[in-house]
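Trainee: So that you have it, the file is model_9.cif, and it contains mmCIF, C-alpha atoms:
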data_entry
#
loop_
_atom_site.label_atom_id
_atom_site.label_comp_id
_atom_site.auth_asym_id
_atom_site.auth_seq_id
_atom_site.Cartn_x
_atom_site.Cartn_y
_atom_site.Cartn_z
CA MET H 674 80.33 96.99 75.17
CA THR H 675 84.02 97.83 75.31
CA GLU H 676 86.70 95.94 73.45
CA LYS H 677 88.56 93.36 75.52
CA TYR H 678 91.87 94.68 76.81
CA ILE H 679 94.79 92.53 77.92
CA ILE H 680 97.46 94.23 80.00
CA PRO H 681 100.97 94.11 78.43
CA ALA H 682 103.06 91.09 79.52
CA GLN H 683 105.91 93.37 80.66
CA THR H 684 103.69 95.13 83.21
CA ARG H 685 104.88 94.74 86.81
CA ILE H 686 103.66 95.89 90.20
CA GLY H 687 105.91 98.86 90.88
CA HIS H 688 105.55 99.34 94.62
CA VAL H 689 103.34 98.92 97.64
CA HIS H 690 102.61 101.79 100.01
CA LEU H 691 101.61 100.77 103.54
CA LYS H 692 99.99 102.76 106.32
CA VAL H 693 101.84 101.96 109.54
CA ALA H 694 101.39 102.94 113.17
CA ASP H 695 105.05 103.37 114.08
CA LEU H 696 107.63 104.20 111.41
CA ASN H 697 110.66 103.14 113.47
CA ARG H 698 109.06 99.80 114.36
CA SER H 699 108.30 99.17 110.68
CA LEU H 700 111.88 100.05 109.72
CA GLU H 701 113.17 97.55 112.25
CA PHE H 702 111.20 94.89 110.36
CA TYR H 703 111.61 95.91 106.70
CA ARG H 704 115.10 97.43 106.86
CA ASP H 705 116.85 95.72 109.77
CA LEU H 706 115.32 92.22 109.51
CA LEU H 707 114.39 91.82 105.84
CA GLY H 708 117.29 93.95 104.57
CA PHE H 709 115.61 96.63 102.46
CA GLU H 710 117.56 99.88 102.04
CA VAL H 711 116.16 103.35 102.73
CA THR H 712 116.12 105.47 99.58
CA LEU H 713 114.21 108.50 100.87
CA GLU H 714 112.94 109.82 104.17
CA TYR H 715 109.95 112.14 103.90
CA GLY H 716 110.22 113.99 107.19
CA SER H 717 109.23 111.91 110.18
CA GLN H 718 106.07 110.59 108.52
CA ALA H 719 107.20 108.45 105.56
CA VAL H 720 110.11 106.37 104.34
CA PHE H 721 110.70 104.74 100.99
CA ILE H 722 112.69 101.50 100.87
CA SER H 723 114.09 99.38 98.08
CA ALA H 724 116.06 96.36 97.00
CA GLY H 725 118.91 97.01 94.61
CA GLY H 726 118.64 100.78 94.29
CA TYR H 727 115.16 101.07 92.71
CA HIS H 728 113.52 104.35 93.82
CA HIS H 729 111.19 102.37 96.08
CA HIS H 730 109.52 99.00 96.30
CA ILE H 731 107.74 99.77 99.55
CA GLY H 732 106.53 103.05 100.97
CA LEU H 733 105.81 103.26 104.70
CA ASN H 734 103.81 106.17 106.09
CA THR H 735 101.99 107.34 109.20
CA TRP H 736 99.95 110.06 107.44
CA HIS H 737 96.60 108.59 108.54
CA SER H 738 97.69 105.78 110.85
CA LYS H 739 100.15 106.99 113.50
CA GLY H 740 99.51 105.03 116.69
CA ALA H 741 96.68 103.05 115.07
CA PRO H 742 95.88 99.47 116.13
CA PRO H 743 97.00 96.52 113.96
CA VAL H 744 95.07 95.65 110.81
CA SER H 745 91.98 93.49 111.35
CA LYS H 746 92.21 89.99 109.85
CA GLU H 747 88.46 90.01 109.23
CA GLY H 748 88.17 93.29 107.33
CA SER H 749 88.67 94.25 103.72
CA GLY H 750 92.10 95.32 102.59
CA LEU H 751 95.48 94.02 101.56
CA TYR H 752 95.88 90.27 102.13
CA HIS H 753 99.65 90.31 101.78
CA THR H 754 102.58 91.90 100.02
CA ALA H 755 104.64 89.32 98.13
CA ILE H 756 108.40 89.78 97.95
CA LEU H 757 110.05 87.68 95.22
CA TYR H 758 113.57 86.42 95.92
CA PRO H 759 115.79 85.51 92.94
CA THR H 760 116.84 82.04 94.14
CA ARG H 761 115.87 79.30 96.56
CA LYS H 762 119.13 79.94 98.42
CA ASP H 763 118.10 83.58 98.98
CA LEU H 764 114.80 82.37 100.45
CA ALA H 765 116.75 80.00 102.71
CA ILE H 766 118.99 82.84 103.90
CA ILE H 767 116.06 85.07 104.86
CA TYR H 768 114.36 82.11 106.56
CA GLU H 769 117.52 81.55 108.63
CA ARG H 770 117.53 85.28 109.58
CA LEU H 771 113.89 85.05 110.68
CA ARG H 772 114.57 81.86 112.62
CA LYS H 773 117.57 83.35 114.44
CA ALA H 774 115.53 86.48 115.27
CA GLU H 775 112.73 84.21 116.53
CA TYR H 776 110.32 86.07 114.24
CA PRO H 777 107.13 83.99 113.93
CA LEU H 778 105.93 82.59 110.62
CA THR H 779 102.21 82.26 109.92
CA GLY H 780 102.84 79.60 107.28
CA ALA H 781 105.30 77.95 104.88
CA SER H 782 104.01 76.46 101.62
CA ASP H 783 105.08 74.71 98.45
CA HIS H 784 102.74 75.86 95.67
CA GLY H 785 104.35 73.86 92.86
CA VAL H 786 105.26 77.04 90.97
CA SER H 787 106.89 78.59 94.03
CA GLU H 788 107.93 78.09 97.64
CA ALA H 789 106.80 80.66 100.18
CA LEU H 790 107.17 81.81 103.76
CA TYR H 791 104.31 83.77 105.33
CA LEU H 792 104.49 86.21 108.23
CA ASP H 793 102.93 89.43 109.45
CA ASP H 794 104.71 92.75 109.75
CA PRO H 795 104.45 94.66 113.07
CA ASP H 796 101.15 96.25 111.93
CA GLY H 797 99.54 92.92 111.05
CA ASN H 798 100.00 93.32 107.30
CA GLY H 799 100.61 89.95 105.66
CA VAL H 800 103.98 89.41 103.99
CA GLU H 801 104.87 86.57 101.64
CA LEU H 802 108.56 85.88 100.99
CA TYR H 803 108.96 83.52 98.04
CA TRP H 804 110.95 82.32 95.05
CA ASP H 805 109.57 81.02 91.77
CA ARG H 806 110.70 77.72 90.36
CA PRO H 807 111.84 77.95 86.73
CA LYS H 808 108.75 78.18 84.49
CA GLU H 809 109.56 74.89 82.76
CA GLN H 810 109.17 73.15 86.16
CA TRP H 811 105.71 74.57 86.89
CA PRO H 812 103.13 71.80 87.24
CA ALA H 813 100.47 71.79 84.54
CA LYS H 814 97.19 70.01 83.97
CA GLU H 815 96.57 68.06 80.78
CA ASN H 816 94.78 71.07 79.27
CA GLY H 817 97.91 73.20 79.81
CA SER H 818 96.60 75.32 82.68
CA LEU H 819 98.63 75.61 85.87
CA ASP H 820 98.19 72.96 88.54
CA MET H 821 99.05 75.01 91.62
CA TYR H 822 98.55 73.52 95.05
CA THR H 823 99.38 74.24 98.68
CA ASN H 824 101.55 71.68 100.44
CA ALA H 825 103.67 72.15 103.54
CA LEU H 826 107.14 73.49 102.75
CA ASP H 827 109.97 71.33 104.07
CA LEU H 828 111.89 73.99 106.00
CA ASN H 829 114.76 71.64 106.88
CA ASP H 830 115.25 70.92 103.18
CA LEU H 831 115.14 74.66 102.46
CA LEU H 832 117.95 75.27 104.99
CA LYS H 833 120.15 72.78 103.11
CA GLU H 834 120.45 75.44 100.38
CA ILE H 835 122.69 77.46 102.71
CA ASP H 836 125.13 74.58 103.13
CA ASP H 837 125.48 73.99 99.38
#
For the file at hand, write its structure as structure tokens.
Mentor:
Amino acid sequence: MTEKYIIPAQTRIGHVHLKVADLNRSLEFYRDLLGFEVTLEYGSQAVFISAGGYHHHIGLNTWHSKGAPPVSKEGSGLYHTAILYPTRKDLAIIYERLRKAEYPLTGASDHGVSEALYLDDPDGNGVELYWDRPKEQWPAKENGSLDMYTNALDLNDLLKEIDD
């Protein structure tokens, strides 16, 4: 039997690479609506995008998927990509952009540790846009483990962040 290994606490998910059917359509969503910046174009088949100048947080490619149908909700694969915003106000701002663009949400939840908006990209890939509450505010059970839950997110209250 192998020795138990615990991944280092500083480990992070570096990037997500998505197969898409139409690169321009995906850029309209990730770049034009969500605000990611293009860092590299790999011919007409792939684009790398980022927040804040990182080499890439998301890769988009059509190498094996050009013109393919949307992802099946019933099959195996990626459930969603989660994009962490630094503040609740930032989440409110992107929600307002989505609302003005009439881009449909698939859900909006308060998980105790975080607040999240859920939607699908143009290829049917799930996307979670969220912010984490400060760790000291995370709900805990008596034994110290997290007490996460899923309640409806008050979107009107979220929009008040923009006015403050």
Trainee: If the PyMOL selection byres ((chain H and resi 703) around 12) were run on this exact file, what residues would it hold? Put them as a PyMOL selection string.
Mentor: chain H and resi 691+693+696-702+704-711+720-724+730-733+754+756+767+771+793-796+798+800+802
Trainee: For the atom pair CA of Lys692 in chain H and CA of Thr735 in chain H, what is the interatomic distance in Å to one decimal place?
Mentor: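 Computing the Euclidean distance for CA of Lys692 in chain H and CA of Thr735 in chain H yields 5.8 Å.
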Trainee: Using all atoms listed in the file, which protein or nucleic acid residues come within 9 Å of range 805-818 of chain H? Drop anything in the same chain fewer than 4 positions from it, and give the result as an MDAnalysis selection string.
Mentor: chainID H and resid 757:761 785:789
Trainee: I need the residue set behind the PyMOL selection byres ((chain H and resi 774-780) around 9) for this file; please write it as an MDAnalysis selection string.
Mentor: chainID H and resid 706 769:773 781:782 789:793 799 825:826
Trainee: Suppose you want the space between CA of Asn734 in chain H and CA of His690 in chain H; what is it in Å?
Mentor: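 Atom-to-atom, CA of Asn734 in chain H to CA of His690 in chain H, that is 7.6 Å.
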Trainee: Closest to Lys833 in chain H among H:Leu764, H:Ala719, H:Val689, H:Ile680, using only C-alpha atoms?
Mentor: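 Using only C-alpha atoms, Lys833 in chain H sits closest to H:Leu764.
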Trainee: Expanded to explicit residues, what is the PyMOL selection byres ((chain H and resi 743) around 6) for this file, as a list in words?
Mentor: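 This file gives the following for the PyMOL selection byres ((chain H and resi 743) around 6): Pro742, Val744, Asp796 and Gly797 of chain H.
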Trainee: Take CA of Ile835 in chain H and CA of Met821 in chain H and report the distance between them in Å, one decimal.
Mentor: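 So the two atoms, CA of Ile835 in chain H and CA of Met821 in chain H, lie 26.2 Å apart.
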